[in-house]
>>> print(open('input25.txt').read())   # compact mmCIF, C-alpha atoms
# COMPACT_ATOMS: atom_id res chain seq x y z
CA MET A 1 -42.19 95.50 60.34
CA ARG A 2 -38.45 95.98 60.71
CA SER A 3 -36.51 97.86 58.08
CA PRO A 4 -33.66 95.86 56.54
CA GLY A 5 -30.18 96.61 57.84
CA VAL A 6 -31.30 97.70 61.30
CA PHE A 7 -29.96 95.47 63.97
CA SER A 8 -32.05 94.97 67.06
CA VAL A 9 -32.02 92.64 70.02
CA GLN A 10 -35.29 91.27 71.14
CA TRP A 11 -35.62 90.00 74.65
CA THR A 12 -37.34 86.63 74.34
CA GLY A 13 -37.40 85.80 78.01
CA LYS A 14 -35.55 82.56 77.33
CA SER A 15 -32.11 81.74 78.89
CA PRO A 16 -31.42 85.11 80.57
CA GLY A 17 -28.23 83.78 82.17
CA ILE A 18 -26.38 83.20 78.86
CA GLY A 19 -26.92 86.76 77.58
CA VAL A 20 -25.83 88.34 80.84
CA LEU A 21 -22.81 86.07 81.01
CA ALA A 22 -21.81 86.92 77.42
CA LEU A 23 -22.15 90.63 78.13
CA ALA A 24 -20.11 90.35 81.30
CA LEU A 25 -17.40 88.39 79.48
CA ALA A 26 -17.29 90.94 76.68
CA LEU A 27 -17.01 93.82 79.15
CA THR A 28 -14.31 92.01 81.10
CA PHE A 29 -12.34 91.41 77.91
CA LEU A 30 -12.65 95.04 76.80
CA LEU A 31 -11.65 96.42 80.19
CA ALA A 32 -8.70 94.08 80.44
CA ALA A 33 -7.56 94.58 76.87
CA GLY A 34 -7.74 98.39 76.91
CA PRO A 35 -4.90 99.21 79.30
CA THR A 36 -2.82 96.30 78.04
CA TYR A 37 -3.05 97.65 74.51
CA ALA A 38 -2.25 101.21 75.64
CA ALA A 39 0.88 100.11 77.46
CA ALA A 40 2.08 97.63 74.87
CA PRO A 41 5.45 98.73 73.47
CA GLN A 42 5.04 100.34 70.05
CA THR A 43 8.77 100.76 69.48
CA SER A 44 12.06 99.87 71.11
CA ILE A 45 14.93 101.80 72.63
CA ASN A 46 17.23 100.50 69.89
CA ASP A 47 14.85 101.75 67.24
CA VAL A 48 14.70 105.26 68.70
CA GLU A 49 18.35 105.62 69.79
CA GLY A 50 19.61 105.59 66.24
CA GLU A 51 17.37 108.47 65.18
CA VAL A 52 17.81 110.93 68.02
CA MET A 53 20.78 112.86 69.29
CA CYS A 54 22.28 113.45 72.66
CA PRO A 55 22.25 117.24 72.10
CA ILE A 56 25.02 118.05 74.56
CA CYS A 57 27.31 115.24 73.38
CA GLY A 58 26.69 116.12 69.73
CA THR A 59 26.42 112.43 68.81
CA LEU A 60 23.67 109.93 68.24
CA LEU A 61 22.11 108.78 71.49
CA GLU A 62 23.11 105.19 70.73
CA LEU A 63 26.77 106.25 70.77
CA ALA A 64 26.60 108.57 73.78
CA GLU A 65 27.56 107.53 77.30
CA SER A 66 27.42 110.85 79.17
CA PRO A 67 25.18 111.46 82.22
CA GLN A 68 22.91 113.61 80.06
CA ALA A 69 22.60 110.76 77.56
CA GLU A 70 21.75 108.32 80.35
CA ARG A 71 18.92 110.63 81.50
CA GLU A 72 17.66 110.97 77.96
CA ARG A 73 17.80 107.21 77.48
CA ALA A 74 15.84 106.70 80.71
CA LEU A 75 13.21 109.16 79.47
CA VAL A 76 12.92 107.30 76.16
CA LYS A 77 12.45 104.02 78.05
CA ARG A 78 9.73 105.58 80.20
CA LEU A 79 7.92 106.89 77.12
CA ILE A 80 8.15 103.50 75.42
CA ALA A 81 6.84 101.81 78.56
CA GLU A 82 3.84 104.16 78.40
CA GLY A 83 3.07 102.63 75.00
CA ARG A 84 4.07 105.57 72.80
CA ASP A 85 5.19 104.89 69.26
CA LYS A 86 8.42 106.19 67.72
CA SER A 87 6.88 109.36 66.37
CA GLU A 88 5.30 110.20 69.73
CA VAL A 89 8.58 109.51 71.53
CA LYS A 90 10.37 111.86 69.14
CA ASP A 91 7.73 114.56 69.64
CA ALA A 92 8.11 114.26 73.41
CA LEU A 93 11.90 114.52 73.09
CA VAL A 94 11.60 117.64 70.94
CA ALA A 95 9.29 119.17 73.56
CA GLN A 96 11.92 118.47 76.22
CA TYR A 97 15.21 119.10 74.42
CA GLY A 98 14.26 121.14 71.38
CA PRO A 99 14.54 120.26 67.67
CA ALA A 100 18.30 119.67 67.99
CA VAL A 101 17.47 116.29 69.51
CA LEU A 102 16.43 114.95 66.11
CA ALA A 103 19.24 113.29 64.17
CA LEU A 104 17.57 114.24 60.89
CA PRO A 105 16.79 117.94 60.52
CA GLU A 106 13.18 119.05 60.34
CA GLY A 107 11.77 119.84 56.93
CA LYS A 108 11.12 123.52 57.65
CA GLY A 109 12.96 126.79 58.14
CA PHE A 110 16.69 126.86 57.57
CA ASP A 111 16.88 123.11 58.24
CA LEU A 112 14.97 122.62 55.00
CA SER A 113 18.20 123.52 53.21
CA ALA A 114 19.64 120.20 54.42
CA TYR A 115 17.24 118.52 52.01
CA LEU A 116 16.99 121.24 49.36
CA VAL A 117 20.68 121.91 48.77
CA PRO A 118 21.58 118.29 47.90
CA ALA A 119 18.45 117.99 45.75
CA ILE A 120 19.18 121.24 43.91
CA GLY A 121 22.84 120.24 43.60
CA PHE A 122 21.84 116.89 42.12
CA PHE A 123 19.45 118.57 39.68
CA VAL A 124 22.05 121.13 38.57
CA ALA A 125 24.66 118.40 38.17
CA ALA A 126 22.24 116.27 36.14
CA VAL A 127 21.37 119.20 33.85
CA ALA A 128 25.06 120.11 33.44
CA LEU A 129 25.88 116.49 32.64
CA ALA A 130 23.07 116.30 30.07
CA PHE A 131 24.28 119.50 28.38
CA GLY A 132 27.86 118.28 28.48
CA VAL A 133 27.02 114.93 26.90
CA ALA A 134 24.88 116.59 24.20
CA ARG A 135 27.67 119.00 23.38
CA TRP A 136 30.28 116.27 23.30
CA ARG A 137 28.14 114.15 20.95
CA ARG A 138 27.58 117.14 18.66
CA ALA A 139 31.28 117.87 18.61
CA SER A 140 32.20 114.29 17.78
CA ARG A 141 29.74 114.15 14.83
CA PRO A 142 31.56 114.45 11.44
CA GLY A 143 31.13 117.79 9.73
CA ASP A 144 30.65 119.84 12.85
CA ASP A 145 33.15 122.20 14.33
CA GLY A 146 35.62 121.88 11.46
CA ALA A 147 36.08 118.15 11.82
CA PRO A 148 37.51 116.44 8.69
CA THR A 149 35.02 115.10 6.15
CA ASP A 150 35.30 113.24 2.89
CA LYS A 151 34.08 116.29 0.95
CA GLY A 152 36.78 118.28 -0.75
CA PRO A 153 37.25 122.02 -0.45
CA SER A 154 35.00 124.17 -2.49
CA GLY A 155 34.98 127.64 -3.96
CA ASP A 156 37.96 129.86 -3.12
CA ASP A 157 39.60 127.12 -1.08
CA ALA A 158 39.54 124.71 -4.04
CA GLU A 159 41.07 127.32 -6.36
CA ARG A 160 43.77 128.17 -3.84
CA LEU A 161 44.56 124.49 -3.37
CA GLU A 162 44.87 124.03 -7.13
CA ARG A 163 47.24 126.99 -7.36
CA ASP A 164 49.38 125.71 -4.52
CA LEU A 165 49.57 122.20 -5.98
CA ALA A 166 50.52 123.62 -9.37
CA ARG A 167 53.32 125.60 -7.79
CA TYR A 168 54.92 122.44 -6.46
CA ASP A 169 54.77 120.84 -9.89
CA LEU A 170 53.91 117.38 -8.59
CA MET B 1 29.50 138.98 31.23
CA SER B 2 27.48 136.31 29.44
CA ALA B 3 24.12 135.12 30.77
CA ARG B 4 25.66 131.78 31.69
CA SER B 5 28.48 133.38 33.70
CA PHE B 6 25.97 135.66 35.44
CA LEU B 7 23.85 132.68 36.45
CA ALA B 8 26.91 130.86 37.80
CA PHE B 9 27.88 133.98 39.74
CA LEU B 10 24.37 134.20 41.22
CA ALA B 11 24.47 130.53 42.21
CA VAL B 12 27.81 130.96 43.99
CA CYS B 13 26.51 134.10 45.79
CA ALA B 14 23.37 132.22 46.89
CA LEU B 15 25.45 129.33 48.23
CA ILE B 16 27.77 131.64 50.18
CA GLY B 17 24.75 133.55 51.52
CA LEU B 18 23.12 130.32 52.64
CA LEU B 19 26.25 129.15 54.45
CA GLY B 20 26.69 132.57 56.09
CA PHE B 21 23.09 132.61 57.25
CA GLY B 22 23.50 129.17 58.77
CA LEU B 23 26.69 130.13 60.60
CA LEU B 24 25.16 133.34 61.97
CA ASN B 25 22.07 131.49 63.16
CA LYS B 26 24.03 128.83 64.97
CA GLY B 27 26.71 131.06 66.41
CA GLU B 28 26.99 131.45 70.18
CA ALA B 29 26.55 134.83 71.77
CA LYS B 30 29.45 136.59 73.45
CA ILE B 31 28.45 138.57 76.51
CA ALA B 32 30.40 140.77 78.88
CA VAL B 33 29.88 142.64 82.14
CA GLY B 34 27.85 145.76 81.42
CA ASP B 35 25.89 144.17 78.58
CA PRO B 36 22.13 143.75 78.92
CA ALA B 37 21.41 140.28 80.31
CA PRO B 38 20.15 137.94 77.58
CA ASP B 39 16.48 137.57 78.32
CA LYS B 40 13.49 135.70 77.04
CA VAL B 41 10.11 134.82 78.45
CA LEU B 42 10.29 131.16 79.49
CA PRO B 43 7.88 128.65 81.02
CA VAL B 44 8.01 128.30 84.78
CA LEU B 45 9.45 124.91 85.71
CA GLY B 46 6.85 122.61 87.22
CA ALA B 47 4.04 125.15 87.30
CA PRO B 48 1.83 127.00 84.88
CA GLY B 49 2.86 130.48 83.83
CA ARG B 50 5.86 132.15 82.33
CA GLY B 51 8.61 134.41 83.56
CA SER B 52 11.79 136.20 82.61
CA ILE B 53 14.74 138.07 84.07
CA ALA B 54 12.89 141.30 83.30
CA ASP B 55 10.40 140.38 86.04
CA TYR B 56 13.19 141.23 88.52
CA ARG B 57 13.85 144.72 87.15
CA GLY B 58 14.58 147.03 90.09
CA ARG B 59 16.24 144.23 92.08
CA TRP B 60 19.50 142.34 91.89
CA VAL B 61 19.11 138.81 90.61
CA LEU B 62 21.60 135.99 90.48
CA VAL B 63 20.76 133.85 87.46
CA ASN B 64 21.91 130.25 87.77
CA LEU B 65 21.96 127.99 84.70
CA TRP B 66 21.79 124.36 85.75
CA ALA B 67 20.83 120.83 84.75
CA SER B 68 19.82 117.86 86.87
CA TRP B 69 22.49 115.56 85.38
CA CYS B 70 25.24 117.97 86.38
CA GLY B 71 27.09 116.96 89.55
CA PRO B 72 28.51 120.42 90.37
CA CYS B 73 24.98 121.86 90.05
CA ARG B 74 23.93 119.50 92.84
CA GLU B 75 26.86 120.72 94.96
CA GLU B 76 26.04 124.41 94.65
CA ALA B 77 22.24 124.17 94.86
CA PRO B 78 21.96 124.17 98.68
CA ALA B 79 24.27 127.20 98.95
CA LEU B 80 22.19 129.08 96.41
CA ASP B 81 18.99 128.20 98.22
CA ARG B 82 20.37 129.46 101.55
CA PHE B 83 21.69 132.59 99.83
CA SER B 84 18.29 133.31 98.27
CA ARG B 85 16.55 133.17 101.65
CA ARG B 86 19.24 135.06 103.54
CA TYR B 87 19.53 137.92 101.09
CA ALA B 88 15.93 138.26 99.91
CA LYS B 89 15.33 141.14 102.30
CA ARG B 90 18.43 142.89 101.00
CA GLY B 91 16.98 142.96 97.50
CA ILE B 92 18.86 140.02 95.99
CA ALA B 93 16.93 137.24 94.30
CA VAL B 94 18.14 133.96 92.86
CA LEU B 95 16.57 132.70 89.64
CA GLY B 96 17.33 129.22 88.31
CA ILE B 97 17.12 128.47 84.61
CA ASN B 98 17.06 124.76 83.86
CA VAL B 99 18.80 123.99 80.56
CA GLN B 100 19.64 120.92 78.47
CA ASP B 101 17.40 118.79 80.62
CA ASN B 102 14.01 117.12 80.80
CA SER B 103 11.40 118.50 83.15
CA ASP B 104 10.80 115.28 85.12
CA ASP B 105 14.45 115.00 86.10
CA ALA B 106 14.64 118.74 86.79
CA LEU B 107 11.67 118.61 89.17
CA ALA B 108 13.10 115.57 90.93
CA PHE B 109 16.35 117.51 91.38
CA LEU B 110 14.49 120.41 93.01
CA ARG B 111 12.59 118.05 95.30
CA ASP B 112 15.69 116.08 96.32
CA ASN B 113 17.69 119.21 97.06
CA HIS B 114 14.82 121.16 98.69
CA ILE B 115 15.29 124.08 96.31
CA ARG B 116 12.71 126.82 96.74
CA TYR B 117 13.93 129.77 94.68
CA PRO B 118 12.05 130.46 91.41
CA GLN B 119 12.82 128.34 88.40
CA LEU B 120 12.36 128.79 84.67
CA ARG B 121 12.90 126.17 82.02
CA SER B 122 14.72 126.56 78.73
CA ILE B 123 13.90 124.00 76.07
CA GLY B 124 17.16 122.43 74.96
CA ASP B 125 20.23 124.63 75.21
CA GLU B 126 18.74 127.74 73.62
CA ARG B 127 19.35 129.85 76.77
CA SER B 128 22.84 128.41 77.21
CA ALA B 129 23.67 129.64 73.72
CA ALA B 130 22.21 133.07 74.50
CA PHE B 131 24.49 133.33 77.56
CA GLY B 132 27.46 132.01 75.57
CA SER B 133 27.65 129.10 77.99
CA THR B 134 30.17 126.35 77.62
CA GLY B 135 28.66 124.15 80.32
CA VAL B 136 26.70 124.06 83.53
CA PRO B 137 26.54 125.43 86.11
CA GLU B 138 27.08 129.06 85.22
CA ASN B 139 26.06 132.11 87.23
CA PHE B 140 25.27 135.66 86.19
CA LEU B 141 24.57 138.56 88.51
CA VAL B 142 22.14 141.00 86.92
CA ASP B 143 21.79 144.53 88.28
CA PRO B 144 18.46 146.32 88.86
CA GLN B 145 18.69 147.86 85.37
CA GLY B 146 18.95 144.42 83.76
CA ARG B 147 22.68 144.62 82.99
CA LEU B 148 25.24 141.94 83.72
CA ALA B 149 27.28 142.85 86.78
CA LEU B 150 29.17 139.59 87.26
CA ILE B 151 29.75 136.54 85.09
CA TRP B 152 30.95 133.36 86.74
CA ARG B 153 31.23 130.33 84.49
CA GLY B 154 31.46 127.68 87.17
CA VAL B 155 30.30 126.47 90.56
CA VAL B 156 29.55 128.88 93.39
CA ASP B 157 29.69 128.20 97.11
CA GLU B 158 28.85 130.18 100.25
CA GLU B 159 32.25 131.83 100.31
CA PHE B 160 32.09 132.90 96.68
CA LEU B 161 28.61 134.32 97.17
CA ARG B 162 29.69 136.23 100.27
CA LYS B 163 33.01 137.50 98.89
CA GLN B 164 32.24 138.02 95.21
CA VAL B 165 28.53 138.59 94.81
CA VAL B 166 27.52 140.53 97.91
CA PRO B 167 30.25 143.20 97.53
CA VAL B 168 29.11 143.91 93.96
CA VAL B 169 25.54 144.35 95.14
CA GLU B 170 26.63 146.57 98.03
CA GLY B 171 28.93 148.60 95.80
CA ARG B 172 32.05 147.49 97.59
CA SER B 173 33.90 146.11 94.59
>>> encode(input="input25.txt", output="structure tokens")
Amino acid sequence: MRSPGVFSVQWTGKSPGIGVLALALALTFLLAAGPTYAAAPQTSINDVEGEVMCPICGTLLELAESPQAERERALVKRLIAEGRDKSEVKDALVAQYGPAVLALPEGKGFDLSAYLVPAIGFFVAAVALAFGVARWRRASRPGDDGAPTDKGPSGDDAERLERDLARYDL
Amino acid sequence: MSARSFLAFLAVCALIGLLGFGLLNKGEAKIAVGDPAPDKVLPVLGAPGRGSIADYRGRWVLVNLWASWCGPCREEAPALDRFSRRYAKRGIAVLGINVQDNSDDALAFLRDNHIRYPQLRSIGDERSAAFGSTGVPENFLVDPQGRLALIWRGVVDEEFLRKQVVPVVEGRS
């Protein structure tokens, strides 16, 4: 008895040529497809050039024309031809030229400030704006901060007003 | 000072500190004759292992910063190779430090120019910054105590090596 879910091949002795042929075809396909897949381009030079620097030129690789940039471009093309994807190409460039080769700073160390400072700045500005708007709305509400209201003066102010009006004999 | 003003003051101080830290970290070194040679353990180019200028303590060593894409580096390389072989017995070594380059191109450069003196590899331009370099090639003569004896920010040739470097080593300058 065979337990369910367990796949097995039973040799029946019938048509041995078909099984062998199928196996050989499958192996041939796998062997042929393997290297082709490994070397298939995962990215393009145009895709990478816009995200890496020519460190000596101080510009994006796609804008640089110096001899150093030409060497770097040739290296990128070689890496792409080997079938590496964009991330792997970038890693290889960092290993060769250092982190300065990346157009966008890394998210660690001092370079982290390139992301943190704008984010913190945006947060502080948003909080300041919220406080400012709240304060402005409070100030513009009638009755606050000495703004005129339709209520008359009361207490001492009312008495003083009466005295002053009486003095002018209106 | 109110709490709000104090917080604003702290924020401004933090921002200035951050900018200052960034500038100090990215600043290039200024070196002069008599200073200790900037040194760091680096990978050997094209071979396993690591090395540094300190490995040559007790000998004179001419440190050459170069890159394979640099035309003048190609011009001076044969003269440096001949110099290294001719003066090895007189206690002068030549040490190449490949900068701002990729290792495949650097190794091809060494092969094409039949360079045999030892080579280290700096990732990116980190070593160039340490030497305050403005380009390649640049050459630095380091005395047996590890101090800079000559700084030459440009190409060297046989005549320069004979008339400028050798006299320093032999105490004639």
>>> interface_residues(input="input25.txt", of="chain A", to="chain B", cutoff="6 Å", atoms="only C-alpha atoms", output="PyMOL selection string")
chain A and resi 67-68+96-98
>>> write_last_selection(input="input25.txt", atoms="C-alpha atoms", output="PDB file, keeping the file's coordinate frame")
ATOM      1  CA  PRO A  67      25.180 111.460  82.220  1.00  0.00           C
ATOM      2  CA  GLN A  68      22.910 113.610  80.060  1.00  0.00           C
ATOM      3  CA  GLN A  96      11.920 118.470  76.220  1.00  0.00           C
ATOM      4  CA  TYR A  97      15.210 119.100  74.420  1.00  0.00           C
ATOM      5  CA  GLY A  98      14.260 121.140  71.380  1.00  0.00           C
TER       6      GLY A  98
END
>>> residues_around(input="input25.txt", residues="segment 32-47 of chain B", least_positions_apart="6", cutoff="10 Å", atoms="only C-alpha atoms", output="count of residues only")
35
>>> atom_distance(input="input25.txt", atom1="atom CA of Gly20 of chain B", atom2="atom CA of Tyr115 of chain A")
17.4 Å
>>> residues_around(input="input25.txt", residues="segment 117-134 of chain A", least_positions_apart="2", cutoff="12 Å", atoms="all atoms listed in the file", output="count of residues only")
21
>>> residues_around(input="input25.txt", residues="Val169 of chain B", least_positions_apart="2", cutoff="12 Å", atoms="all atoms listed in the file", output="list in words")
Arg59, Trp60, Val61, Leu62, Tyr87, Arg90, Gly91, Ile92, Ala93, Leu141, Val142, Asp143, Pro144, Leu148, Ala149, Leu150, Leu161, Arg162, Lys163, Gln164, Val165, Val166, Pro167, Gly171, Arg172 and Ser173 of chain B
>>> closest_residue(input="input25.txt", among="A:Leu63, A:Ile45, A:Glu162, A:Gly155", to="Leu79 of chain A", atoms="all atoms listed in the file")
A:Ile45
>>> atom_distance(input="input25.txt", atom1="atom CA of Gly109 of chain A", atom2="atom CA of Leu65 of chain B")
28.1 Å
>>> atom_distance(input="input25.txt", atom1="atom CA of Glu138 of chain B", atom2="atom CA of Lys90 of chain A")
28.9 Å
>>> decode(input="input25.txt", residues="segment 85-106 of chain A", atoms="C-alpha atoms", output="tab-separated table (two decimals), in the first residue's frame")
chain	number	residue	atom	x	y	z
A	85	ASP	CA	21.10	42.94	-11.14
A	86	LYS	CA	21.24	46.63	-10.24
A	87	SER	CA	21.76	46.04	-6.54
A	88	GLU	CA	24.62	43.61	-7.18
A	89	VAL	CA	26.22	46.03	-9.65
A	90	LYS	CA	26.04	48.78	-7.04
A	91	ASP	CA	27.55	46.51	-4.38
A	92	ALA	CA	30.41	45.64	-6.72
A	93	LEU	CA	31.00	49.33	-7.45
A	94	VAL	CA	31.09	50.15	-3.75
A	95	ALA	CA	33.64	47.37	-3.23
A	96	GLN	CA	35.79	48.90	-5.96
A	97	TYR	CA	35.34	52.64	-5.49
A	98	GLY	CA	33.97	52.99	-1.97
A	99	PRO	CA	30.59	54.31	-0.80
A	100	ALA	CA	31.17	57.66	-2.54
A	101	VAL	CA	30.22	55.94	-5.79
A	102	LEU	CA	26.57	55.85	-4.76
A	103	ALA	CA	24.57	58.88	-5.88
A	104	LEU	CA	22.25	58.48	-2.91
A	105	PRO	CA	23.99	58.37	0.48
A	106	GLU	CA	23.85	55.19	2.51
